[in-house]
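One file, data-v7.cif, carrying mmCIF, C-alpha atoms:
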data_entry
loop_
_atom_site.label_atom_id
_atom_site.label_comp_id
_atom_site.auth_asym_id
_atom_site.auth_seq_id
_atom_site.Cartn_x
_atom_site.Cartn_y
_atom_site.Cartn_z
CA MET A 139 0.00 0.00 0.00
CA ILE A 140 1.39 3.39 -1.03
CA ILE A 141 0.95 6.19 1.49
CA VAL A 142 0.52 9.55 -0.22
CA PRO A 143 1.62 12.51 1.95
CA LYS A 144 -1.10 15.04 2.65
CA TRP A 145 1.18 17.97 1.86
CA TYR A 146 3.94 18.10 -0.71
CA PHE A 147 6.98 19.99 0.60
CA GLY A 148 7.58 21.48 -2.84
CA TRP A 149 4.68 23.87 -2.23
CA ASN A 150 6.57 25.28 0.78
CA ILE A 151 9.44 26.06 -1.58
CA VAL A 152 7.04 27.73 -4.01
CA GLY A 153 5.65 29.88 -1.18
CA ALA A 154 9.09 30.90 0.07
CA ALA A 155 10.24 31.63 -3.49
CA ALA A 156 7.16 33.78 -4.09
CA ILE A 157 7.99 35.91 -1.02
CA ILE A 158 11.59 36.33 -2.17
CA THR A 159 10.33 37.29 -5.62
CA LEU A 160 7.84 39.75 -4.11
CA LEU A 161 10.64 41.76 -2.50
CA THR A 162 13.08 41.43 -5.39
CA VAL A 163 10.70 42.29 -8.20
CA GLY A 164 8.92 44.80 -5.97
CA MET A 165 12.09 46.88 -5.82
CA ARG A 166 12.96 46.52 -9.52
CA MET A 167 9.43 47.03 -10.87
CA GLY A 168 8.25 49.38 -8.13
CA VAL A 169 10.91 52.03 -8.60
CA GLY A 170 8.36 54.51 -9.99
CA PRO A 171 7.47 56.16 -6.65
CA PHE A 172 11.17 56.92 -6.09
CA VAL A 173 11.63 58.80 -9.37
CA LEU A 174 10.28 62.28 -8.55
CA PRO A 175 11.54 62.40 -4.91
CA ILE A 176 15.08 61.39 -5.96
CA MET A 177 14.99 63.91 -8.83
CA ASP A 178 14.04 66.69 -6.41
CA ASP A 179 16.51 65.69 -3.69
CA LEU A 180 19.59 64.95 -5.83
CA GLN A 181 18.81 67.43 -8.62
CA PHE A 182 18.70 64.86 -11.43
CA THR A 183 16.84 65.52 -14.67
CA ARG A 184 14.33 62.89 -15.70
CA THR A 185 16.64 61.72 -18.49
CA GLU A 186 19.63 61.42 -16.11
CA LEU A 187 17.73 59.38 -13.54
CA SER A 188 16.10 57.30 -16.28
CA THR A 189 19.57 56.52 -17.62
CA ILE A 190 20.74 55.36 -14.18
CA ILE A 191 17.67 53.15 -13.85
CA ALA A 192 18.18 51.87 -17.39
CA VAL A 193 21.76 50.87 -16.63
CA GLY A 194 20.48 49.16 -13.49
CA MET A 195 18.07 47.14 -15.58
CA ILE A 196 20.82 45.89 -17.89
CA VAL A 197 23.08 45.08 -14.91
CA TYR A 198 20.15 43.15 -13.43
CA GLY A 199 19.98 41.27 -16.73
CA ILE A 200 23.74 40.61 -16.82
CA GLY A 201 23.48 39.10 -13.35
CA MET A 202 20.77 36.66 -14.49
CA PRO A 203 22.90 34.15 -16.47
CA ILE A 204 25.62 34.48 -13.82
CA ALA A 205 23.08 33.56 -11.15
CA GLY A 206 21.81 30.67 -13.29
CA TYR A 207 25.37 29.38 -13.79
CA LEU A 208 26.19 29.60 -10.07
CA VAL A 209 22.97 27.79 -9.15
CA GLU A 210 23.87 24.96 -11.52
CA LYS A 211 27.50 24.80 -10.33
CA TYR A 212 26.98 25.33 -6.59
CA SER A 213 23.53 25.72 -4.99
CA THR A 214 20.46 27.93 -4.83
CA ASN A 215 21.11 28.70 -1.16
CA MET A 216 24.63 29.98 -1.82
CA VAL A 217 23.41 32.28 -4.60
CA LEU A 218 20.57 33.66 -2.44
CA ILE A 219 22.89 34.38 0.51
CA LEU A 220 25.33 36.17 -1.79
CA GLY A 221 22.46 38.23 -3.17
CA ILE A 222 21.26 39.18 0.31
CA ILE A 223 24.70 40.46 1.25
CA ILE A 224 25.08 42.57 -1.90
CA VAL A 225 21.55 44.02 -1.67
CA THR A 226 21.91 45.01 1.99
CA ILE A 227 25.25 46.76 1.47
CA SER A 228 23.93 48.49 -1.66
CA CYS A 229 20.84 49.85 0.12
CA VAL A 230 22.96 51.45 2.86
CA TRP A 231 25.36 52.80 0.23
CA THR A 232 22.45 54.28 -1.76
CA VAL A 233 21.13 56.17 1.26
CA LEU A 234 24.56 57.62 2.03
CA ALA A 235 25.33 58.54 -1.58
CA GLN A 236 25.26 62.23 -2.43
CA HIS A 237 27.50 62.43 -5.48
CA PRO A 238 25.88 61.27 -8.75
CA VAL A 239 28.63 58.69 -9.41
CA ASN A 240 28.20 57.18 -5.94
CA PHE A 241 24.43 56.99 -6.41
CA PHE A 242 24.89 55.46 -9.86
CA MET A 243 27.20 52.73 -8.54
CA ALA A 244 25.09 51.97 -5.45
CA PHE A 245 21.54 52.15 -6.82
CA GLY A 246 22.16 51.57 -10.50
CA VAL A 247 24.88 48.90 -10.48
CA PHE A 248 25.40 47.00 -7.22
CA LEU A 249 21.78 46.93 -6.01
CA SER A 250 20.69 45.65 -9.42
CA PHE A 251 23.41 43.00 -9.48
CA GLY A 252 22.48 41.78 -6.00
CA LEU A 253 18.79 41.58 -6.86
CA ALA A 254 19.65 39.38 -9.86
CA PHE A 255 20.89 36.75 -7.39
CA THR A 256 17.54 36.66 -5.57
CA SER A 257 15.46 36.90 -8.76
CA PRO A 258 13.20 34.21 -10.28
CA VAL A 259 16.15 33.01 -12.36
CA ALA A 260 17.80 31.67 -9.20
CA LEU A 261 14.54 30.06 -8.07
CA THR A 262 13.13 28.57 -11.28
CA PRO A 263 15.56 25.59 -11.43
CA VAL A 264 14.77 24.39 -7.91
CA ILE A 265 11.02 24.58 -8.55
CA SER A 266 11.41 22.83 -11.90
CA ARG A 267 13.24 19.99 -10.13
CA TRP A 268 10.57 19.62 -7.45
CA PHE A 269 7.68 19.58 -9.94
CA THR A 270 7.03 17.57 -13.09
CA GLN A 271 3.33 17.19 -13.95
CA LEU A 272 2.42 20.41 -12.12
CA ARG A 273 5.45 22.40 -13.25
CA GLY A 274 3.43 25.00 -15.13
CA ARG A 275 1.17 25.61 -12.14
CA ALA A 276 4.10 25.84 -9.71
CA LEU A 277 5.93 28.36 -11.89
CA PHE A 278 2.76 30.40 -12.28
CA TYR A 279 2.39 30.43 -8.51
CA LEU A 280 5.97 31.65 -8.28
CA SER A 281 5.02 34.53 -10.56
CA THR A 282 2.38 35.62 -8.06
CA GLY A 283 5.35 36.95 -6.11
CA SER A 284 6.14 39.27 -9.01
CA MET A 285 2.54 40.43 -9.18
CA ALA A 286 2.37 40.89 -5.42
CA GLY A 287 5.57 42.91 -5.67
CA ILE A 288 3.83 45.33 -8.02
CA ALA A 289 0.55 45.25 -6.10
CA ILE A 290 2.01 45.63 -2.62
CA MET A 291 5.37 47.33 -2.92
CA THR A 292 4.36 50.19 -5.24
CA PRO A 293 1.70 51.68 -2.91
CA VAL A 294 3.78 50.77 0.18
CA PHE A 295 6.77 52.62 -1.26
CA SER A 296 4.55 55.61 -2.09
CA PHE A 297 3.14 55.73 1.44
CA LEU A 298 6.52 55.34 3.15
CA ILE A 299 8.17 57.92 0.90
CA GLU A 300 5.41 60.44 1.61
CA GLN A 301 5.64 59.82 5.36
CA PHE A 302 9.38 59.30 5.93
CA GLY A 303 11.28 60.06 2.72
CA TRP A 304 12.89 57.86 0.09
CA GLN A 305 16.09 57.17 2.09
CA THR A 306 14.21 55.71 5.07
CA THR A 307 12.04 53.71 2.69
CA ILE A 308 15.10 52.03 1.15
CA LEU A 309 16.43 51.18 4.62
CA CYS A 310 13.04 49.65 5.53
CA PHE A 311 13.25 47.57 2.37
CA ALA A 312 16.73 46.33 3.34
CA ALA A 313 15.47 45.36 6.81
CA ALA A 314 12.51 43.45 5.35
CA PHE A 315 14.87 41.76 2.91
CA LEU A 316 17.04 40.45 5.73
CA ILE A 317 14.20 39.44 8.05
CA LEU A 318 12.19 37.51 5.46
CA ILE A 319 14.69 36.05 3.01
CA ILE A 320 17.38 34.69 5.35
CA PRO A 321 15.01 32.29 7.21
CA ALA A 322 13.39 31.22 3.94
CA THR A 323 16.79 30.47 2.43
CA ILE A 324 18.09 28.51 5.43
CA PHE A 325 15.01 26.53 6.46
CA ILE A 326 12.87 26.06 3.33
CA ILE A 327 14.81 26.21 0.06
CA ARG A 328 16.18 22.76 -0.81
CA ASP A 329 17.79 22.10 -4.17
CA HIS A 330 16.89 18.45 -4.64
CA PRO A 331 13.65 16.61 -3.77
CA PRO A 332 13.76 13.11 -2.30
CA GLU A 333 13.38 10.31 -4.82
CA SER A 334 9.96 9.49 -3.38
CA ALA A 335 8.70 13.02 -3.98
CA GLY A 336 7.58 12.54 -7.57
CA GLN A 337 4.04 13.63 -8.29
CA SER A 338 1.47 11.27 -9.71
CA MET A 339 -1.10 13.77 -10.92
CA SER A 340 -1.59 13.65 -14.67
CA SER A 341 -1.10 16.56 -17.06
CA SER A 342 -1.34 17.04 -20.79
CA ASN A 343 1.79 19.21 -20.83
CA VAL A 344 4.24 16.77 -19.27
CA GLN A 345 7.31 16.27 -21.43
CA LYS A 346 10.28 13.96 -21.27
CA ASP A 347 13.57 15.67 -20.58
CA PRO A 348 15.72 16.09 -23.68
CA SER A 349 18.98 14.26 -24.15
CA THR A 350 21.57 15.00 -21.50
CA ALA A 351 24.04 15.48 -24.36
CA LEU A 352 22.43 18.82 -25.17
CA THR A 353 24.61 21.79 -24.20
CA TRP A 354 23.55 25.35 -23.62
CA LYS A 355 25.55 26.43 -26.68
CA LYS A 356 23.52 24.07 -28.87
CA ALA A 357 20.32 25.17 -27.19
CA ILE A 358 20.81 28.87 -27.90
CA ALA A 359 21.31 28.03 -31.59
CA THR A 360 17.72 26.80 -31.85
CA ARG A 361 14.70 28.84 -32.89
CA PRO A 362 12.48 28.18 -29.84
CA PHE A 363 15.11 29.85 -27.64
CA TRP A 364 15.04 33.02 -29.75
CA PHE A 365 11.25 33.05 -30.04
CA ILE A 366 10.99 32.92 -26.25
CA ALA A 367 13.79 35.49 -25.89
CA PHE A 368 11.98 37.97 -28.16
CA GLY A 369 8.79 37.57 -26.16
CA LEU A 370 10.64 38.21 -22.91
CA PHE A 371 12.32 41.25 -24.50
CA ALA A 372 8.87 42.72 -25.15
CA CYS A 373 7.76 41.65 -21.67
CA GLY A 374 10.69 43.43 -20.03
CA PHE A 375 10.13 46.50 -22.20
CA SER A 376 6.52 46.76 -21.03
CA MET A 377 6.87 45.81 -17.38
CA ASN A 378 9.76 48.14 -16.64
CA LEU A 379 8.30 51.04 -18.60
CA LEU A 380 5.22 50.75 -16.44
CA GLY A 381 7.21 50.17 -13.24
CA THR A 382 9.54 53.13 -13.83
CA HIS A 383 7.36 55.64 -15.65
CA GLY A 384 3.80 54.52 -14.95
CA VAL A 385 3.35 56.57 -11.76
CA PRO A 386 5.13 59.72 -13.09
CA MET A 387 3.20 59.43 -16.36
CA LEU A 388 -0.15 59.34 -14.56
CA GLN A 389 0.91 62.26 -12.36
CA ASP A 390 1.85 64.21 -15.49
CA HIS A 391 -1.68 63.52 -16.73
CA GLY A 392 -3.23 65.06 -13.61
CA PHE A 393 -3.71 62.10 -11.27
CA ASP A 394 -2.51 62.54 -7.67
CA PRO A 395 0.40 60.35 -6.44
CA LEU A 396 -1.68 57.93 -4.37
CA THR A 397 -4.26 57.42 -7.14
CA ALA A 398 -1.47 56.80 -9.64
CA SER A 399 0.31 54.36 -7.32
CA PHE A 400 -2.92 52.52 -6.49
CA ALA A 401 -3.74 52.16 -10.20
CA ILE A 402 -0.35 50.56 -10.88
CA GLY A 403 -0.76 48.43 -7.77
CA LEU A 404 -4.25 47.40 -8.90
CA ILE A 405 -2.66 45.69 -11.90
CA GLY A 406 -0.74 43.46 -9.53
CA ILE A 407 -3.72 42.94 -7.22
CA VAL A 408 -5.90 41.65 -10.07
CA ALA A 409 -2.99 39.65 -11.48
CA ILE A 410 -2.67 37.51 -8.33
CA PRO A 411 -5.98 35.57 -8.64
CA SER A 412 -5.61 35.65 -12.42
CA THR A 413 -2.21 34.00 -12.09
CA LEU A 414 -3.61 31.23 -9.90
CA PHE A 415 -6.33 30.52 -12.47
CA MET A 416 -3.98 30.59 -15.45
CA GLY A 417 -1.56 28.35 -13.56
CA VAL A 418 -4.17 25.59 -13.66
CA LEU A 419 -4.86 26.24 -17.36
CA SER A 420 -1.16 26.12 -18.22
CA ASP A 421 -1.02 22.41 -17.35
CA LYS A 422 -4.18 21.64 -19.33
CA LEU A 423 -4.04 23.83 -22.46
CA GLN A 424 -1.31 24.60 -24.97
CA ARG A 425 0.97 27.09 -23.32
CA LYS A 426 1.66 29.02 -26.52
CA HIS A 427 -2.01 30.05 -26.79
CA LEU A 428 -1.99 31.49 -23.27
CA LEU A 429 1.31 33.24 -23.93
CA ALA A 430 0.07 34.83 -27.17
CA SER A 431 -3.15 36.02 -25.50
CA ILE A 432 -1.25 37.59 -22.61
CA TYR A 433 1.06 39.56 -24.90
CA PHE A 434 -1.77 40.75 -27.19
CA VAL A 435 -4.11 42.08 -24.49
CA ARG A 436 -1.22 43.60 -22.56
CA GLY A 437 -0.18 45.50 -25.69
CA LEU A 438 -3.61 47.07 -25.99
CA GLY A 439 -3.61 47.92 -22.28
CA MET A 440 -0.32 49.81 -22.43
CA VAL A 441 -1.74 52.23 -25.00
CA ALA A 442 -5.02 52.55 -23.11
CA LEU A 443 -3.23 53.66 -19.93
CA VAL A 444 -1.87 56.72 -21.71
CA ILE A 445 -5.21 57.93 -23.05
CA VAL A 446 -7.42 57.55 -19.94
CA THR A 447 -8.62 60.87 -18.55
CA VAL A 448 -10.69 60.10 -15.43
CA THR A 449 -10.19 57.85 -12.41
CA TRP A 450 -12.82 55.24 -13.23
CA GLN A 451 -11.32 54.75 -16.70
CA LEU A 452 -7.87 54.38 -15.16
CA TYR A 453 -9.03 51.74 -12.69
CA MET A 454 -10.96 49.85 -15.36
CA VAL A 455 -7.96 49.68 -17.69
CA ALA A 456 -5.69 48.69 -14.78
CA ALA A 457 -8.06 45.88 -13.80
CA VAL A 458 -8.24 44.49 -17.34
CA ALA A 459 -4.46 44.78 -17.72
CA GLY A 460 -4.02 42.93 -14.44
CA ILE A 461 -5.86 39.89 -15.77
CA VAL A 462 -3.13 39.31 -18.38
CA TRP A 463 -0.20 41.01 -16.66
CA ALA A 464 1.14 37.80 -15.15
CA GLY A 465 2.15 34.58 -16.78
CA SER A 466 4.53 35.45 -19.61
CA ILE A 467 7.61 34.72 -17.52
CA ALA A 468 6.10 31.59 -15.94
CA LEU A 469 4.99 30.24 -19.31
CA SER A 470 8.34 31.03 -20.91
CA SER A 471 10.28 29.24 -18.19
CA ALA A 472 7.90 26.27 -18.32
CA ILE A 473 8.35 26.02 -22.10
CA LEU A 474 12.12 26.21 -21.68
CA SER A 475 11.94 23.32 -19.20
CA ASP A 476 9.75 21.32 -21.58
CA VAL A 477 11.99 21.87 -24.58
CA TYR A 478 15.49 21.83 -23.12
CA GLY A 479 15.11 20.01 -19.81
CA VAL A 480 15.48 20.91 -16.14
CA ARG A 481 19.26 20.65 -16.22
CA LEU A 482 19.67 23.67 -18.50
CA VAL A 483 16.65 25.72 -17.52
CA GLY A 484 18.47 27.99 -15.06
CA LEU A 485 21.19 29.01 -17.48
CA LEU A 486 18.88 29.31 -20.50
CA TYR A 487 16.30 31.21 -18.48
CA GLY A 488 19.08 33.54 -17.36
CA TRP A 489 20.05 34.27 -20.96
CA THR A 490 16.47 34.84 -22.13
CA TYR A 491 15.89 37.04 -19.10
CA PHE A 492 18.96 39.01 -20.15
CA GLY A 493 16.90 39.89 -23.24
CA HIS A 494 14.08 40.83 -20.86
CA GLN A 495 16.40 43.31 -19.17
CA ILE A 496 17.68 44.72 -22.45
CA GLY A 497 14.07 45.63 -23.11
CA ALA A 498 13.83 46.98 -19.57
CA MET A 499 16.90 49.16 -20.07
CA LEU A 500 15.64 50.58 -23.36
CA SER A 501 12.15 51.35 -22.06
CA SER A 502 13.45 52.88 -18.82
CA TRP A 503 15.55 55.30 -20.86
CA LEU A 504 12.97 55.84 -23.62
CA GLY A 505 10.24 56.73 -21.14
CA GLY A 506 12.24 59.69 -19.82
CA TRP A 507 13.87 60.78 -23.07
CA GLY A 508 10.69 60.43 -25.13
CA TYR A 509 8.69 62.62 -22.77
CA GLU A 510 11.34 65.33 -22.49
CA THR A 511 11.91 65.34 -26.27
CA TYR A 512 8.34 65.07 -27.60
CA GLY A 513 6.27 66.15 -24.59
CA THR A 514 4.17 62.96 -24.65
CA HIS A 515 4.33 59.50 -23.13
CA LEU A 516 2.57 58.01 -26.14
CA VAL A 517 5.90 57.47 -27.94
CA ALA A 518 7.23 55.02 -25.37
CA PHE A 519 3.91 53.38 -24.53
CA GLY A 520 2.89 53.13 -28.21
CA ILE A 521 6.15 51.38 -29.16
CA THR A 522 5.56 49.01 -26.26
CA GLY A 523 2.12 48.09 -27.58
CA ILE A 524 3.57 47.29 -31.01
CA LEU A 525 6.31 45.09 -29.52
CA LEU A 526 3.82 43.14 -27.40
CA ILE A 527 1.51 42.44 -30.34
CA ALA A 528 4.54 41.26 -32.35
CA ALA A 529 5.49 38.98 -29.43
CA SER A 530 1.96 37.56 -29.50
CA VAL A 531 2.38 36.57 -33.13
CA VAL A 532 5.85 35.09 -32.54
CA SER A 533 4.51 33.03 -29.63
CA LEU A 534 2.01 31.35 -31.95
CA TRP A 535 4.89 30.20 -34.15
CA LEU A 536 6.13 28.12 -31.23
CA SER A 537 3.63 25.38 -32.22
CA SER A 538 5.78 24.10 -35.08
CA SER A 539 8.98 24.66 -33.12
CA LEU A 540 7.88 22.46 -30.23
CA LYS A 541 6.04 19.68 -32.02
CA GLN A 542 8.98 17.23 -31.79
CA ARG A 543 9.95 17.97 -28.20
CA GLN A 544 9.01 14.53 -26.86
CA ASN A 545 11.60 12.87 -29.12
CA TYR A 546 14.17 15.63 -28.95
CA LYS A 547 17.18 15.66 -31.24
CA PRO A 548 19.28 18.83 -31.15
CA GLU A 549 20.11 18.79 -34.87
CA GLU A 550 16.40 18.39 -35.77
CA MET A 551 15.43 21.26 -33.49
CA VAL A 552 17.84 23.58 -35.27
CA GLN A 553 16.53 22.58 -38.68
CA SER A 554 12.81 22.36 -37.95
CA GLY A 555 12.66 25.56 -35.84
#

How does this structure look as structure tokens?
Amino acid sequence: MIIVPKWYFGWNIVGAAAIITLLTVGMRMGVGPFVLPIMDDLQFTRTELSTIIAVGMIVYGIGMPIAGYLVEKYSTNMVLILGIIIVTISCVWTVLAQHPVNFFMAFGVFLSFGLAFTSPVALTPVISRWFTQLRGRALFYLSTGSMAGIAIMTPVFSFLIEQFGWQTTILCFAAAFLILIIPATIFIIRDHPPESAGQSMSSSNVQKDPSTALTWKKAIATRPFWFIAFGLFACGFSMNLLGTHGVPMLQDHGFDPLTASFAIGLIGIVAIPSTLFMGVLSDKLQRKHLLASIYFVRGLGMVALVIVTVTWQLYMVAAVAGIVWAGSIALSSAILSDVYGVRLVGLLYGWTYFGHQIGAMLSSWLGGWGYETYGTHLVAFGITGILLIAASVVSLWLSSSLKQRQNYKPEEMVQSG
């Protein structure tokens, strides 16, 4: 008689990873409330501060494949601890920085690099190892941390900045980072599940791992990798444009700071239950259809945010955008696991997420430069909508690229694309 445990420990790991992601992504995506206060205090122009944030986004992206490599070579716990140390030191350095170069190095470079080590890239491999049949659902649940980061951290940052200033807010973030992530790393995160931990629940999306002879160099020469990378480029372009310039853009359009912050947070609030629902669908339906739908509706929502004029319109658009705001990263990482196997997912996810951060860098800069040059946010947000719709189309092409994944041969994948 086989005794099935009532609770699978892998879900504890998913919960801990979601909390870590909440804080990490909350700081990277929730930087918007800091923009105007830092500009006023340190006398930056919008373009100068946008450039610092843009460099931070690309540094965050550079740290992704490094984190993925270190996770594969050493352990998830080691990478997380290293990230905690770098983030804490960087937060204190940021608060003390007065000279632009010091602020650039602390906030733009080192904080971003540290956050890369506590990002979803460091956590996706361990979750992929703990889950097989329910991998899509588990990775979607991980992405709720990202959505909660937007939903919770953006208005929390706005409130704390208004009450205590941006420096104290960053120190509060560092304290929360230490208090929450260190225990989760030490007591919950475990790299390898016991052999008896395999799940028996069926799923239509379960795939056999590809040949262990596949290398990451061969993998990045295949078309599915680049299709997924382009989608994540558009994803990063949109998410970081909204995270960096969403609140200032809405304030420029006449909304007060708290209304603007709540609207951006509402996207994350709605995205949390939506993510849980889509997580179930991702293990039952073709993932490429969900991915294409997410990119398409999100593209329309980015343009709609710029043209709303009253509060009820703003909240309605934010709510609709929230339904499809989550899932692109979870689906992309699940597809990478399906196609290339768990062994390579951390490194490959790191490289595709580097493309995500290239998009983030460009949109963070474009949002400031476009507004100062043309006097409208429609330039940056309109380009974002076009990129997302293009990513929707590219995602649909994944059907022919993935059709042979159960009997994977690297040379066939390159040719059949």

message: List the spatial neighbours of Leu428 (chain A) as a list in words - criterion: any atom at most 9 Å away, only C-alpha atoms, same-chain residues fewer than 4 positions off excluded.
response: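 Counting only C-alpha atoms, the residues come to Met416, Leu419, Ser420, Leu423, Gln424, Ile432, Tyr433, Gly465, Ser466 and Leu469 of chain A.
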
- request: Translate the PyMOL selection byres ((chain A and resi 298) around 12), as applied to the file shown, into an explicit residue set as a PyMOL selection string.
  value: chain A and resi 171-172+175+291-297+299-311+396

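Comparing A:Ala156, A:Ala313, A:Leu180, A:Leu187 by their smallest distance to Cys229 (chain A), the closest is A:Ala313 (using all atoms listed in the file).
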
task: Within 12 Å of Asp390 (chain A), counting only C-alpha atoms, which residues show up once you throw out same-chain ones fewer than 3 positions away? Write them as an NGL selection string, please.
output: :A and (174 or 383-387 or 393-395 or 398 or 444 or 447 or 509-510 or 513-515)

Per residue of region 448-507 of chain A within 9 Å of region 204-217 of chain A, which atom pair is closest and at what distance in Å (one decimal), using all atoms listed in the file, listed by chain and increasing number, as JSON lines?
{"residue": "A:Arg481", "atom": "CA", "partner": "A:Glu210", "partner_atom": "CA", "distance": 7.9}
{"residue": "A:Leu482", "atom": "CA", "partner": "A:Glu210", "partner_atom": "CA", "distance": 8.2}
{"residue": "A:Val483", "atom": "CA", "partner": "A:Gly206", "partner_atom": "CA", "distance": 8.3}
{"residue": "A:Gly484", "atom": "CA", "partner": "A:Gly206", "partner_atom": "CA", "distance": 4.6}
{"residue": "A:Leu485", "atom": "CA", "partner": "A:Gly206", "partner_atom": "CA", "distance": 4.5}
{"residue": "A:Leu486", "atom": "CA", "partner": "A:Gly206", "partner_atom": "CA", "distance": 7.9}
{"residue": "A:Tyr487", "atom": "CA", "partner": "A:Gly206", "partner_atom": "CA", "distance": 7.6}
{"residue": "A:Gly488", "atom": "CA", "partner": "A:Gly206", "partner_atom": "CA", "distance": 5.7}
{"residue": "A:Trp489", "atom": "CA", "partner": "A:Gly206", "partner_atom": "CA", "distance": 8.7}

task: Specify as a list in words each residue included when the PyMOL selection byres ((chain A and resi 374) around 6) is applied to this file.
output: Leu370, Phe371, Ala372, Cys373, Phe375, Ser376, Met377, Asn378, His494, Gln495, Gly497 and Ala498 of chain A

field: Resolved residues for the PyMOL selection byres ((chain A and resi 161-164) around 7) as a ChimeraX atom specification
entry: /A:157-160,165-168,253,256-257,284,287-288,291,315

- request: Quote the spacing between CA of His330 (chain A) and CA of Gly221 (chain A) in Å to one decimal place.
  value: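 Pair CA of His330 (chain A) / CA of Gly221 (chain A) returns 20.6 Å.
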
message: Rounded to one decimal, what separation in Å do you get between CA of Leu249 (chain A) and CA of Ala409 (chain A)?
response: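 Here the two named atoms are 26.4 Å from each other.
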
task: Could you tell me which of A:Ala154, A:Trp268, A:Thr323, A:Val197 comes closest to Leu218 (chain A) if we count all atoms listed in the file?
output: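 Closest residue, counting all atoms listed in the file: A:Thr323.
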
query: Given the choices A:Val169, A:Val441, A:Ala430, A:Ile402, which gets closest to Ser530 (chain A) if the distance is worked out from only C-alpha atoms?
result: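 Of A:Val169, A:Val441, A:Ala430, A:Ile402, the one nearest Ser530 (chain A), counting only C-alpha atoms, is A:Ala430.
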
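Taking CA of Pro263 (chain A) and CA of Phe278 (chain A) as endpoints, the distance between them is 13.7 Å.
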
task: Identify which of the residues A:Leu388, A:Val152, A:Leu318, A:Ile196 lies closest to Gly170 (chain A), counting only C-alpha atoms when measuring atom-to-atom distances.
output: A:Leu388
